[in-house]
file my_file-v4.cif (mmCIF, C-alpha atoms and all ligand atoms)
data_model
loop_
_atom_site.label_atom_id
_atom_site.label_comp_id
_atom_site.auth_asym_id
_atom_site.auth_seq_id
_atom_site.Cartn_x
_atom_site.Cartn_y
_atom_site.Cartn_z
CA MET A 1 7.74 -21.38 4.96
CA ARG A 2 9.35 -19.96 1.89
CA ASN A 3 10.91 -22.17 -0.70
CA PHE A 4 12.70 -20.81 -3.72
CA ASP A 5 14.41 -24.05 -4.73
CA ASN A 6 12.61 -23.97 -8.06
CA SER A 7 13.27 -20.30 -8.76
CA LYS A 8 15.65 -20.65 -11.65
CA ARG A 9 15.65 -17.09 -12.92
CA ILE A 10 16.13 -14.41 -10.30
CA ALA A 11 16.03 -10.63 -10.76
CA ILE A 12 17.67 -8.55 -8.05
CA LYS A 13 17.06 -4.82 -7.76
CA ILE A 14 19.37 -2.70 -5.63
CA GLY A 15 18.44 0.81 -4.54
CA THR A 16 20.72 3.85 -4.51
CA ASN A 17 20.90 4.20 -0.73
CA THR A 18 21.72 0.54 -0.31
CA LEU A 19 24.71 0.46 -2.62
CA SER A 20 26.27 3.76 -1.69
CA ARG A 21 28.01 5.41 1.22
CA ALA A 22 28.51 9.19 1.42
CA GLY A 23 27.74 9.77 -2.25
CA ALA A 24 30.07 7.10 -3.61
CA VAL A 25 29.63 3.49 -4.63
CA ASP A 26 30.23 1.23 -1.65
CA ALA A 27 32.71 -1.12 -3.30
CA ALA A 28 32.60 -3.62 -0.42
CA TYR A 29 28.82 -3.87 -0.76
CA ILE A 30 29.03 -4.46 -4.52
CA ARG A 31 31.68 -7.14 -3.87
CA SER A 32 29.34 -8.89 -1.46
CA VAL A 33 26.51 -8.75 -4.01
CA ALA A 34 28.80 -10.17 -6.70
CA ARG A 35 29.91 -12.96 -4.37
CA GLN A 36 26.33 -13.96 -3.60
CA VAL A 37 25.33 -13.74 -7.27
CA ALA A 38 28.30 -15.91 -8.23
CA GLN A 39 27.13 -18.55 -5.73
CA LEU A 40 23.66 -18.54 -7.26
CA ILE A 41 25.06 -18.91 -10.77
CA LYS A 42 27.30 -21.75 -9.61
CA ALA A 43 24.21 -23.44 -8.23
CA GLY A 44 22.60 -23.29 -11.68
CA ARG A 45 20.44 -20.18 -11.34
CA GLU A 46 20.29 -17.24 -13.71
CA VAL A 47 20.61 -13.76 -12.27
CA VAL A 48 19.72 -10.38 -13.71
CA LEU A 49 20.74 -7.34 -11.68
CA ILE A 50 18.88 -4.05 -11.79
CA THR A 51 20.95 -1.30 -10.29
CA SER A 52 20.07 2.22 -9.28
CA GLY A 53 22.59 4.80 -8.27
CA ALA A 54 23.69 6.47 -11.51
CA ILE A 55 22.27 9.87 -10.60
CA GLY A 56 23.38 9.67 -6.98
CA MET A 57 26.91 8.60 -7.86
CA GLY A 58 27.18 11.33 -10.50
CA ALA A 59 26.11 13.93 -7.96
CA GLY A 60 28.54 12.50 -5.42
CA LYS A 61 31.42 12.65 -7.89
CA LEU A 62 30.80 16.37 -8.31
CA GLY A 63 30.51 16.84 -4.56
CA VAL A 64 26.81 17.74 -4.73
CA THR A 65 25.02 16.84 -1.52
CA GLY A 66 21.61 18.52 -1.79
CA THR A 67 18.51 17.24 -3.51
CA VAL A 68 19.00 16.81 -7.25
CA ARG A 69 16.23 18.71 -9.01
CA GLY A 70 15.87 19.50 -12.67
CA ILE A 71 15.77 17.03 -15.49
CA LYS A 72 18.87 18.22 -17.32
CA VAL A 73 20.99 18.01 -14.21
CA ARG A 74 19.71 14.52 -13.37
CA GLN A 75 20.49 13.43 -16.93
CA ALA A 76 24.00 14.83 -16.70
CA TYR A 77 24.61 13.25 -13.29
CA ALA A 78 23.39 9.89 -14.58
CA ALA A 79 25.88 10.07 -17.45
CA ILE A 80 28.66 10.68 -14.92
CA GLY A 81 27.54 8.10 -12.40
CA GLN A 82 26.59 5.13 -14.59
CA PRO A 83 30.18 4.27 -15.59
CA LEU A 84 31.29 4.67 -11.97
CA LEU A 85 28.70 2.11 -10.95
CA MET A 86 29.63 -0.28 -13.74
CA THR A 87 33.32 -0.03 -12.88
CA GLU A 88 32.59 -1.40 -9.42
CA TYR A 89 30.35 -4.18 -10.73
CA ARG A 90 32.94 -5.12 -13.35
CA LYS A 91 35.84 -5.17 -10.88
CA SER A 92 33.86 -7.28 -8.42
CA PHE A 93 32.67 -9.83 -10.99
CA ASP A 94 36.10 -9.98 -12.67
CA LYS A 95 37.65 -11.09 -9.38
CA LEU A 96 35.20 -13.98 -9.28
CA GLY A 97 35.91 -14.97 -12.88
CA LEU A 98 32.54 -13.69 -14.07
CA THR A 99 31.70 -11.16 -16.74
CA CYS A 100 28.96 -8.60 -16.36
CA ALA A 101 27.26 -6.52 -19.06
CA GLN A 102 25.62 -3.13 -19.00
CA VAL A 103 22.08 -2.91 -20.39
CA LEU A 104 20.41 0.51 -20.36
CA LEU A 105 16.77 0.82 -21.30
CA THR A 106 13.85 3.19 -21.53
CA ALA A 107 10.15 2.55 -21.03
CA GLU A 108 9.66 2.95 -24.78
CA VAL A 109 11.90 -0.03 -25.41
CA LEU A 110 9.55 -2.23 -23.41
CA ASN A 111 6.39 -0.67 -24.84
CA HIS A 112 7.22 -1.55 -28.41
CA ARG A 113 7.03 -5.22 -29.09
CA GLN A 114 9.93 -5.33 -31.52
CA THR A 115 12.41 -3.49 -29.31
CA TYR A 116 11.20 -5.50 -26.33
CA LEU A 117 11.89 -8.72 -28.24
CA ASN A 118 15.35 -7.40 -29.17
CA LEU A 119 16.06 -6.69 -25.53
CA LYS A 120 14.78 -10.09 -24.45
CA ASN A 121 16.98 -11.82 -27.04
CA ALA A 122 20.03 -9.89 -25.90
CA ILE A 123 19.46 -10.72 -22.24
CA GLU A 124 18.66 -14.37 -22.93
CA THR A 125 21.91 -14.60 -24.89
CA LEU A 126 23.92 -12.97 -22.11
CA LEU A 127 22.44 -15.43 -19.62
CA LYS A 128 23.28 -18.37 -21.88
CA LEU A 129 26.85 -17.07 -22.05
CA GLY A 130 26.99 -17.11 -18.26
CA VAL A 131 27.23 -13.32 -18.15
CA VAL A 132 25.46 -11.21 -15.51
CA PRO A 133 23.33 -8.49 -17.13
CA VAL A 134 23.32 -5.30 -15.06
CA LEU A 135 20.36 -3.14 -16.02
CA ASN A 136 19.47 0.46 -15.31
CA GLU A 137 17.21 3.02 -16.85
CA ASN A 138 18.95 5.09 -19.51
CA ASP A 139 18.41 8.19 -17.39
CA CYS A 140 20.40 10.33 -19.77
CA VAL A 141 17.72 10.09 -22.49
CA ALA A 142 14.55 8.96 -20.71
CA THR A 143 12.47 11.74 -19.25
CA ASP A 144 8.89 11.84 -18.05
CA GLU A 145 8.25 14.78 -20.31
CA ILE A 146 8.59 12.66 -23.41
CA GLY A 147 6.81 9.76 -21.74
CA SER A 148 9.79 7.48 -22.07
CA ALA A 149 10.75 7.12 -18.42
CA PHE A 150 9.87 4.32 -16.00
CA GLY A 151 10.10 6.89 -13.26
CA ASP A 152 11.81 4.56 -10.87
CA ASN A 153 13.78 1.36 -10.92
CA ASP A 154 11.16 -0.46 -8.85
CA LYS A 155 8.86 -0.39 -11.84
CA LEU A 156 11.69 -1.12 -14.24
CA SER A 157 12.73 -4.17 -12.23
CA ALA A 158 9.17 -5.49 -12.07
CA LEU A 159 8.64 -5.04 -15.79
CA VAL A 160 11.94 -6.70 -16.56
CA ALA A 161 11.18 -9.58 -14.18
CA SER A 162 7.77 -9.92 -15.82
CA LYS A 163 9.02 -9.79 -19.38
CA LEU A 164 11.89 -12.18 -18.75
CA ASP A 165 9.62 -14.63 -16.91
CA ALA A 166 11.72 -14.42 -13.75
CA ASP A 167 10.51 -16.66 -10.93
CA LEU A 168 11.69 -14.37 -8.16
CA LEU A 169 12.32 -10.64 -7.87
CA ILE A 170 14.35 -9.51 -4.86
CA MET A 171 14.03 -5.80 -4.15
CA LEU A 172 16.81 -4.59 -1.89
CA SER A 173 16.50 -1.11 -0.45
CA ASP A 174 16.36 0.70 2.87
CA ILE A 175 12.71 -0.34 3.12
CA ASP A 176 12.91 -3.59 5.08
CA ALA A 177 9.32 -4.81 4.78
CA LEU A 178 5.70 -3.86 4.29
CA TYR A 179 4.14 -2.99 7.64
CA ASP A 180 0.56 -3.26 8.86
CA ARG A 181 0.67 0.47 9.59
CA ASN A 182 3.11 3.28 9.01
CA PRO A 183 6.21 2.34 11.06
CA ARG A 184 7.39 5.96 11.08
CA LYS A 185 4.26 7.00 12.92
CA TYR A 186 3.41 3.95 14.99
CA ASP A 187 5.90 2.19 17.23
CA ASP A 188 3.78 -0.94 17.34
CA ALA A 189 3.65 -1.31 13.55
CA LYS A 190 4.38 -4.90 12.59
CA PRO A 191 6.11 -6.15 9.45
CA ILE A 192 3.96 -8.36 7.24
CA LYS A 193 5.76 -11.57 6.32
CA ALA A 194 3.62 -12.59 3.36
CA VAL A 195 1.08 -10.83 1.16
CA TYR A 196 -1.25 -13.06 -0.81
CA GLU A 197 -3.30 -10.32 -2.40
CA ILE A 198 -2.44 -6.69 -3.00
CA THR A 199 -5.69 -5.12 -1.83
CA ASP A 200 -6.86 -1.51 -2.25
CA GLU A 201 -6.20 -1.08 1.45
CA ILE A 202 -2.55 -2.03 1.01
CA ILE A 203 -2.21 0.31 -1.96
CA LYS A 204 -3.77 3.20 -0.03
CA SER A 205 -1.73 2.65 3.10
CA ALA A 206 1.56 2.64 1.19
CA GLY A 207 2.47 6.29 1.49
CA SER A 208 5.38 7.42 -0.60
CA ARG A 209 8.90 7.78 0.66
CA GLY A 210 11.58 8.77 -1.75
CA SER A 211 14.94 10.18 -0.84
CA LYS A 212 17.41 12.65 -2.27
CA PHE A 213 18.47 10.61 -5.27
CA ALA A 214 16.25 7.56 -5.26
CA THR A 215 12.70 7.90 -6.47
CA GLY A 216 11.03 4.76 -5.25
CA GLY A 217 9.12 4.62 -1.98
CA MET A 218 6.72 2.02 -0.62
CA LYS A 219 4.07 3.11 -3.10
CA SER A 220 6.25 2.31 -6.08
CA LYS A 221 7.32 -0.97 -4.46
CA ILE A 222 3.69 -2.07 -4.15
CA ALA A 223 2.98 -1.04 -7.74
CA ALA A 224 6.03 -3.02 -8.80
CA ALA A 225 4.95 -6.02 -6.75
CA GLN A 226 1.62 -5.91 -8.57
CA ILE A 227 3.28 -5.97 -11.99
CA ALA A 228 5.56 -8.85 -11.07
CA ALA A 229 2.76 -10.78 -9.36
CA ASN A 230 0.71 -10.60 -12.56
CA ALA A 231 3.57 -12.40 -14.23
CA GLY A 232 3.51 -15.22 -11.71
CA CYS A 233 6.74 -13.95 -10.16
CA ARG A 234 7.26 -13.90 -6.39
CA ILE A 235 8.73 -10.75 -4.93
CA VAL A 236 10.70 -10.33 -1.75
CA LEU A 237 11.10 -6.85 -0.36
CA ALA A 238 14.00 -6.66 2.07
CA ASP A 239 16.58 -4.50 3.76
CA GLY A 240 19.55 -4.69 1.41
CA ARG A 241 22.00 -4.23 4.25
CA VAL A 242 21.21 -7.48 6.04
CA LYS A 243 24.37 -9.59 5.88
CA ASP A 244 24.28 -12.07 2.96
CA VAL A 245 20.72 -10.99 2.30
CA ILE A 246 20.49 -12.50 -1.19
CA THR A 247 21.80 -15.90 -0.13
CA LYS A 248 19.50 -15.95 2.88
CA ILE A 249 16.40 -14.96 0.90
CA VAL A 250 17.00 -17.57 -1.79
CA ALA A 251 17.57 -20.16 0.96
CA GLY A 252 14.04 -19.38 2.21
CA ASP A 253 14.84 -17.30 5.30
CA GLU A 254 11.86 -15.21 6.30
CA ILE A 255 13.45 -11.83 5.72
CA GLY A 256 11.27 -8.86 4.74
CA THR A 257 7.95 -9.34 2.95
CA VAL A 258 7.15 -11.87 0.27
CA PHE A 259 4.40 -11.10 -2.24
CA MET A 260 2.80 -14.20 -3.68
CA PRO A 261 1.73 -14.09 -7.31
CA LYS A 262 -1.78 -14.22 -8.64
CA ARG A 263 -2.48 -16.47 -11.58
CA LYS A 264 -0.08 -15.98 -14.41
CA LEU A 265 -1.36 -13.93 -17.34
CA SER A 266 -0.23 -14.85 -20.83
CA ASN A 267 2.84 -13.09 -22.11
CA ARG A 268 0.77 -11.10 -24.58
CA LEU A 269 -1.79 -9.93 -22.00
CA ARG A 270 1.03 -8.95 -19.66
CA TRP A 271 2.62 -6.95 -22.42
CA LEU A 272 -0.74 -5.28 -23.03
CA LEU A 273 -1.32 -4.61 -19.34
CA ASN A 274 2.10 -3.04 -18.90
CA SER A 275 2.11 -0.96 -22.09
CA ALA A 276 1.48 2.77 -22.03
CA SER A 277 -1.81 3.75 -23.69
CA ALA A 278 -1.92 6.15 -26.61
CA GLY A 279 -5.50 7.30 -25.98
CA THR A 280 -8.88 6.39 -24.54
CA ILE A 281 -12.01 4.92 -26.05
CA THR A 282 -15.00 5.75 -23.87
CA ILE A 283 -17.59 3.00 -24.07
CA ASP A 284 -21.14 2.69 -22.74
CA ASP A 285 -22.23 0.35 -19.94
CA GLY A 286 -23.59 -2.23 -22.34
CA ALA A 287 -20.29 -2.47 -24.19
CA ALA A 288 -18.37 -2.57 -20.91
CA ALA A 289 -20.50 -5.49 -19.73
CA ALA A 290 -20.09 -7.26 -23.08
CA VAL A 291 -16.29 -7.00 -23.17
CA ARG A 292 -16.17 -8.27 -19.58
CA LYS A 293 -18.00 -11.34 -20.85
CA LYS A 294 -15.24 -11.81 -23.42
CA LYS A 295 -17.17 -10.33 -26.35
CA SER A 296 -15.54 -8.08 -28.95
CA LEU A 297 -15.82 -4.31 -28.69
CA LEU A 298 -18.11 -2.99 -31.44
CA PRO A 299 -18.37 0.62 -32.73
CA LYS A 300 -21.96 0.73 -31.51
CA GLY A 301 -20.86 0.80 -27.87
CA ILE A 302 -18.39 3.67 -28.30
CA LYS A 303 -19.33 7.06 -26.88
CA SER A 304 -16.21 9.06 -27.63
CA VAL A 305 -12.54 8.83 -28.50
CA SER A 306 -9.68 10.89 -27.15
CA GLY A 307 -6.01 10.99 -28.05
CA ASP A 308 -4.30 10.49 -31.35
CA PHE A 309 -3.62 6.82 -32.03
CA LYS A 310 -3.20 4.39 -34.89
CA SER A 311 -4.59 0.95 -35.52
CA GLY A 312 -2.53 -1.56 -33.48
CA ASP A 313 -1.90 0.91 -30.67
CA VAL A 314 -2.73 0.19 -27.04
CA VAL A 315 -5.64 2.27 -25.71
CA MET A 316 -7.64 2.48 -22.49
CA LEU A 317 -11.29 1.42 -22.48
CA ASN A 318 -12.76 3.91 -20.01
CA ASN A 319 -10.49 3.43 -17.03
CA ILE A 320 -11.22 -0.27 -16.72
CA ALA A 321 -9.29 -2.09 -19.42
CA LYS A 322 -6.54 -1.87 -21.99
CA ALA A 323 -7.01 -3.00 -25.57
CA VAL A 324 -5.22 -3.16 -28.88
CA THR A 325 -7.44 -1.19 -31.24
CA ASN A 326 -8.08 -2.28 -34.82
CA PHE A 327 -8.79 1.33 -35.83
CA GLY A 328 -6.98 4.63 -35.49
CA SER A 329 -8.61 7.51 -33.61
CA GLY A 330 -9.55 9.31 -36.85
CA GLU A 331 -11.30 6.23 -38.24
CA LEU A 332 -13.06 5.51 -34.97
CA LYS A 333 -14.54 8.99 -34.83
CA LEU A 334 -16.23 8.28 -38.17
CA ILE A 335 -17.81 5.02 -37.03
CA ILE A 336 -18.86 5.87 -33.46
CA GLY A 337 -22.29 4.39 -32.68
CA LYS A 338 -22.53 2.67 -36.04
CA HIS A 339 -23.41 -0.95 -36.64
CA SER A 340 -20.45 -3.19 -37.55
CA SER A 341 -21.95 -3.83 -40.98
CA GLU A 342 -21.71 -0.10 -41.73
CA ILE A 343 -17.93 0.04 -41.20
CA LYS A 344 -17.13 -0.84 -44.79
CA ASP A 345 -19.63 1.77 -46.11
CA VAL A 346 -17.81 4.48 -44.15
CA LEU A 347 -14.20 3.34 -44.23
CA GLY A 348 -14.16 1.13 -47.32
CA SER A 349 -13.61 -2.61 -47.53
CA GLY A 350 -10.65 -4.51 -46.09
CA LYS A 351 -11.25 -3.22 -42.56
CA LYS A 352 -11.86 -5.33 -39.47
CA ASP A 353 -15.49 -5.50 -38.34
CA VAL A 354 -14.82 -5.13 -34.61
CA VAL A 355 -12.85 -2.49 -32.73
CA ALA A 356 -11.04 -4.94 -30.45
CA THR A 357 -11.21 -8.70 -30.02
CA PRO A 358 -11.32 -10.38 -26.57
CA GLU A 359 -7.76 -11.73 -26.81
CA ASN A 360 -6.64 -8.14 -27.23
CA ILE A 361 -8.46 -6.78 -24.19
CA VAL A 362 -7.25 -7.06 -20.61
CA PHE A 363 -9.04 -5.70 -17.54
CA LEU A 364 -6.93 -3.82 -15.04
CA ASP A 365 -8.57 -5.81 -12.25
CA TYR A 366 -8.61 -9.05 -14.26
N1 LIG A 401 17.78 5.10 -12.49
C1 LIG A 401 18.09 5.93 -11.38
C2 LIG A 401 19.59 5.95 -11.11
O1 LIG A 401 20.28 5.05 -11.50
C3 LIG A 401 17.43 5.47 -10.10
C4 LIG A 401 15.93 5.51 -10.10
C5 LIG A 401 15.39 5.03 -8.75
O2 LIG A 401 15.86 5.51 -7.74
O3 LIG A 401 14.53 4.18 -8.72
O4 LIG A 401 20.10 6.83 -10.49
#

call {"tool": "encode", "arguments": {"input": "my_file-v4.cif", "output": "structure tokens", "more": "lines below"}}
Ligand code: GLU
result
Amino acid sequence: MRNFDNSKRIAIKIGTNTLSRAGAVDAAYIRSVARQVAQLIKAGREVVLITSGAIGMGAGKLGVTGTVRGIKVRQAYAAIGQPLLMTEYRKSFDKLGLTCAQVLLTAEVLNHRQTYLNLKNAIETLLKLGVVPVLNENDCVATDEIGSAFGDNDKLSALVASKLDADLLIMLSDIDALYDRNPRKYDDAKPIKAVYEITDEIIKSAGSRGSKFATGGMKSKIAAAQIAANAGCRIVLADGRVKDVITKIVAGDEIGTVFMPKRKLSNRLRWLLNSASAGTITIDDGAAAAVRKKKSLLPKGIKSVSGDFKSGDVVMLNNIAKAVTNFGSGELKLIIGKHSSEIKDVLGSGKKDVVATPENIVFLDY
């Protein structure tokens, strides 16, 4: 039994292949999405859409059919395709008396607390105005090379759902469900209706499957489900082409796979968990055990420091946790292995006496 009656805020992610036909936006599909979204809004829910398709539609407009490789070309195609996408969303919502708004973001925007808060305020305001925010990655400026890209909209949608405290994330694509084994290899593979815990086995079995223009495969869907689950958000993975799929999912129909959330982490710890790290502090076993027991990280337990970071940045502790460091990498190198009381002798007074406090440390397997 699924029941989403109390899911007030719903994020819906639509993949490139789902919303397009032969390299162009499938206007009838977008109209059906808008109609279902309008019904949800009428019923008092808030909806945030996350759309893919900019790159694919840009390529289609130029008559390109092959795989789109090369960052510059993808950026250019995204710039062509994004307005084509938005035109269809706008026309469809207009007909229903609703306004939609384009919000383009990069991973950096979510990594920095101030820009993230700006984004959150803007989206909250749009929702209050009864407007449907339509989000996509700003593919024209975000590239992996400068570390500013989400990589795929699965991750973007999960981060957005997490940061906006959405109760439900619906991921519509040509992947209809999570299976107990690879359905492309095994005819008897069975779809899994509900996942209560994303185990290592599930992560390992989720091979990747991207397509010409879309980047997300099952692997990125599982990673996304993990992010959203940490935020206490349920996720439904479903075939976007099922008739009235959004309406049916919200009504509780057992379509696709539902991922049930773990306990909800605080907003701050979720931000920390989902932020990119600027470097790594390698700590010894004693320090690792201490921070697990919710003790502060002291300079004594540090073995080495890598990367170039400032105080207040997010860093990895070995590969087990993320922390906000009270010291920059240069300062840390000077106090490695020292007793806390020696910090002021080396760095002068006015400095913190621990490297990271427990409320600023989150374990990846918390
Ligand atoms: N942001 C990309 C686009 O709009 C899609 C990324 C993805 O496929 O997940 O084309």

call {"tool": "closest_atom_pairs", "arguments": {"input": "my_file-v4.cif", "of": "chain A", "to": "ligand LIG 401 (chain A)", "cutoff": "8 Å", "atoms": "all atoms listed in the file", "output": "JSON lines"}}
result
{"residue": "A:Gly15", "atom": "CA", "partner": "A:LIG401", "partner_atom": "O2", "distance": 6.2}
{"residue": "A:Thr16", "atom": "CA", "partner": "A:LIG401", "partner_atom": "O2", "distance": 6.1}
{"residue": "A:Thr51", "atom": "CA", "partner": "A:LIG401", "partner_atom": "O1", "distance": 6.5}
{"residue": "A:Ser52", "atom": "CA", "partner": "A:LIG401", "partner_atom": "O1", "distance": 3.6}
{"residue": "A:Gly53", "atom": "CA", "partner": "A:LIG401", "partner_atom": "O4", "distance": 3.9}
{"residue": "A:Ala54", "atom": "CA", "partner": "A:LIG401", "partner_atom": "O1", "distance": 3.7}
{"residue": "A:Ile55", "atom": "CA", "partner": "A:LIG401", "partner_atom": "O4", "distance": 3.7}
{"residue": "A:Gly56", "atom": "CA", "partner": "A:LIG401", "partner_atom": "O4", "distance": 5.6}
{"residue": "A:Met57", "atom": "CA", "partner": "A:LIG401", "partner_atom": "O4", "distance": 7.5}
{"residue": "A:Ala78", "atom": "CA", "partner": "A:LIG401", "partner_atom": "O4", "distance": 6.1}
{"residue": "A:Gly81", "atom": "CA", "partner": "A:LIG401", "partner_atom": "O4", "distance": 7.8}
{"residue": "A:Gln82", "atom": "CA", "partner": "A:LIG401", "partner_atom": "O1", "distance": 7.0}
{"residue": "A:Asn136", "atom": "CA", "partner": "A:LIG401", "partner_atom": "N1", "distance": 5.7}
{"residue": "A:Glu137", "atom": "CA", "partner": "A:LIG401", "partner_atom": "N1", "distance": 4.9}
{"residue": "A:Asn138", "atom": "CA", "partner": "A:LIG401", "partner_atom": "N1", "distance": 7.1}
{"residue": "A:Asp139", "atom": "CA", "partner": "A:LIG401", "partner_atom": "N1", "distance": 5.8}
{"residue": "A:Gly151", "atom": "CA", "partner": "A:LIG401", "partner_atom": "C4", "distance": 6.8}
{"residue": "A:Asp152", "atom": "CA", "partner": "A:LIG401", "partner_atom": "O3", "distance": 3.5}
{"residue": "A:Asn153", "atom": "CA", "partner": "A:LIG401", "partner_atom": "O3", "distance": 3.7}
{"residue": "A:Asp154", "atom": "CA", "partner": "A:LIG401", "partner_atom": "O3", "distance": 5.7}
{"residue": "A:Lys155", "atom": "CA", "partner": "A:LIG401", "partner_atom": "O3", "distance": 7.9}
{"residue": "A:Phe213", "atom": "CA", "partner": "A:LIG401", "partner_atom": "O2", "distance": 6.2}
{"residue": "A:Ala214", "atom": "CA", "partner": "A:LIG401", "partner_atom": "O2", "distance": 3.2}
{"residue": "A:Thr215", "atom": "CA", "partner": "A:LIG401", "partner_atom": "O2", "distance": 4.2}
{"residue": "A:Gly216", "atom": "CA", "partner": "A:LIG401", "partner_atom": "O3", "distance": 5.0}

call {"tool": "closest_residue", "arguments": {"input": "my_file-v4.cif", "among": "A:Asp345, A:Cys140, A:Ile281, A:Ile10", "to": "Val73 of chain A", "atoms": "only C-alpha atoms"}}
result
A:Cys140

call {"tool": "atom_distance", "arguments": {"input": "my_file-v4.cif", "atom1": "atom CA of Lys300 of chain A", "atom2": "atom CA of Asn360 of chain A"}}
result
18.2 Å

call {"tool": "residues_around", "arguments": {"input": "my_file-v4.cif", "residues": "Leu273 of chain A", "least_positions_apart": "3", "cutoff": "9 Å", "atoms": "all atoms listed in the file", "output": "PDB file with C-alpha atoms, in the coordinates of the input"}}
result
ATOM      1  CA  ILE A 227       3.280  -5.970 -11.990  1.00  0.00           C
ATOM      2  CA  ARG A 268       0.770 -11.100 -24.580  1.00  0.00           C
ATOM      3  CA  LEU A 269      -1.790  -9.930 -22.000  1.00  0.00           C
ATOM      4  CA  ARG A 270       1.030  -8.950 -19.660  1.00  0.00           C
ATOM      5  CA  ALA A 276       1.480   2.770 -22.030  1.00  0.00           C
ATOM      6  CA  ALA A 321      -9.290  -2.090 -19.420  1.00  0.00           C
ATOM      7  CA  LYS A 322      -6.540  -1.870 -21.990  1.00  0.00           C
ATOM      8  CA  ALA A 323      -7.010  -3.000 -25.570  1.00  0.00           C
ATOM      9  CA  ILE A 361      -8.460  -6.780 -24.190  1.00  0.00           C
ATOM     10  CA  VAL A 362      -7.250  -7.060 -20.610  1.00  0.00           C
ATOM     11  CA  PHE A 363      -9.040  -5.700 -17.540  1.00  0.00           C
ATOM     12  CA  LEU A 364      -6.930  -3.820 -15.040  1.00  0.00           C
TER      13      LEU A 364
END

call {"tool": "atom_distance", "arguments": {"input": "my_file-v4.cif", "atom1": "atom CA of Leu298 of chain A", "atom2": "atom CA of Thr282 of chain A"}}
result
12.0 Å

call {"tool": "residues_near_point", "arguments": {"input": "my_file-v4.cif", "point": "(17.1, -17.7, -7.3)", "cutoff": "10 Å", "atoms": "only C-alpha atoms", "output": "number ranges by chain"}}
result
A: 4-12, 37, 40-41, 43-47, 166-170, 246-247, 249-251

call {"tool": "closest_residue", "arguments": {"input": "my_file-v4.cif", "among": "A:Leu332, A:Val68, A:Cys233, A:Ala278", "to": "Val315 of chain A", "atoms": "all atoms listed in the file"}}
result
A:Ala278

call {"tool": "atom_distance", "arguments": {"input": "my_file-v4.cif", "atom1": "atom CA of Lys295 of chain A", "atom2": "atom CA of Ile283 of chain A"}}
result
13.5 Å

call {"tool": "residues_around", "arguments": {"input": "my_file-v4.cif", "residues": "segment 24-31 of chain A", "least_positions_apart": "3", "cutoff": "7 Å", "atoms": "all atoms listed in the file", "output": "ChimeraX atom specification"}}
result
/A:19-21,34-35,57,60,85,88-89,92

call {"tool": "axis_aligned_box", "arguments": {"input": "my_file-v4.cif", "around": "segment 26-38 of chain A", "padding_each_side": "8 Å", "output": "lines of an AutoDock Vina configuration file"}}
result
center_x = 29.0
center_y = -7.3
center_z = -4.3
size_x = 23.4
size_y = 33.1
size_z = 23.8

call {"tool": "closest_residue", "arguments": {"input": "my_file-v4.cif", "among": "A:Thr280, A:Ser341, A:Ser329, A:Ser275", "to": "Glu108 of chain A", "atoms": "all atoms listed in the file"}}
result
A:Ser275

call {"tool": "closest_residue", "arguments": {"input": "my_file-v4.cif", "among": "A:Gly256, A:Gly330, A:Pro83, A:Gly217", "to": "Val236 of chain A", "atoms": "all atoms listed in the file"}}
result
A:Gly256

call {"tool": "closest_residue", "arguments": {"input": "my_file-v4.cif", "among": "A:Glu331, A:Asp253, A:Asp174, A:Glu359", "to": "Lys344 of chain A", "atoms": "all atoms listed in the file"}}
result
A:Glu331
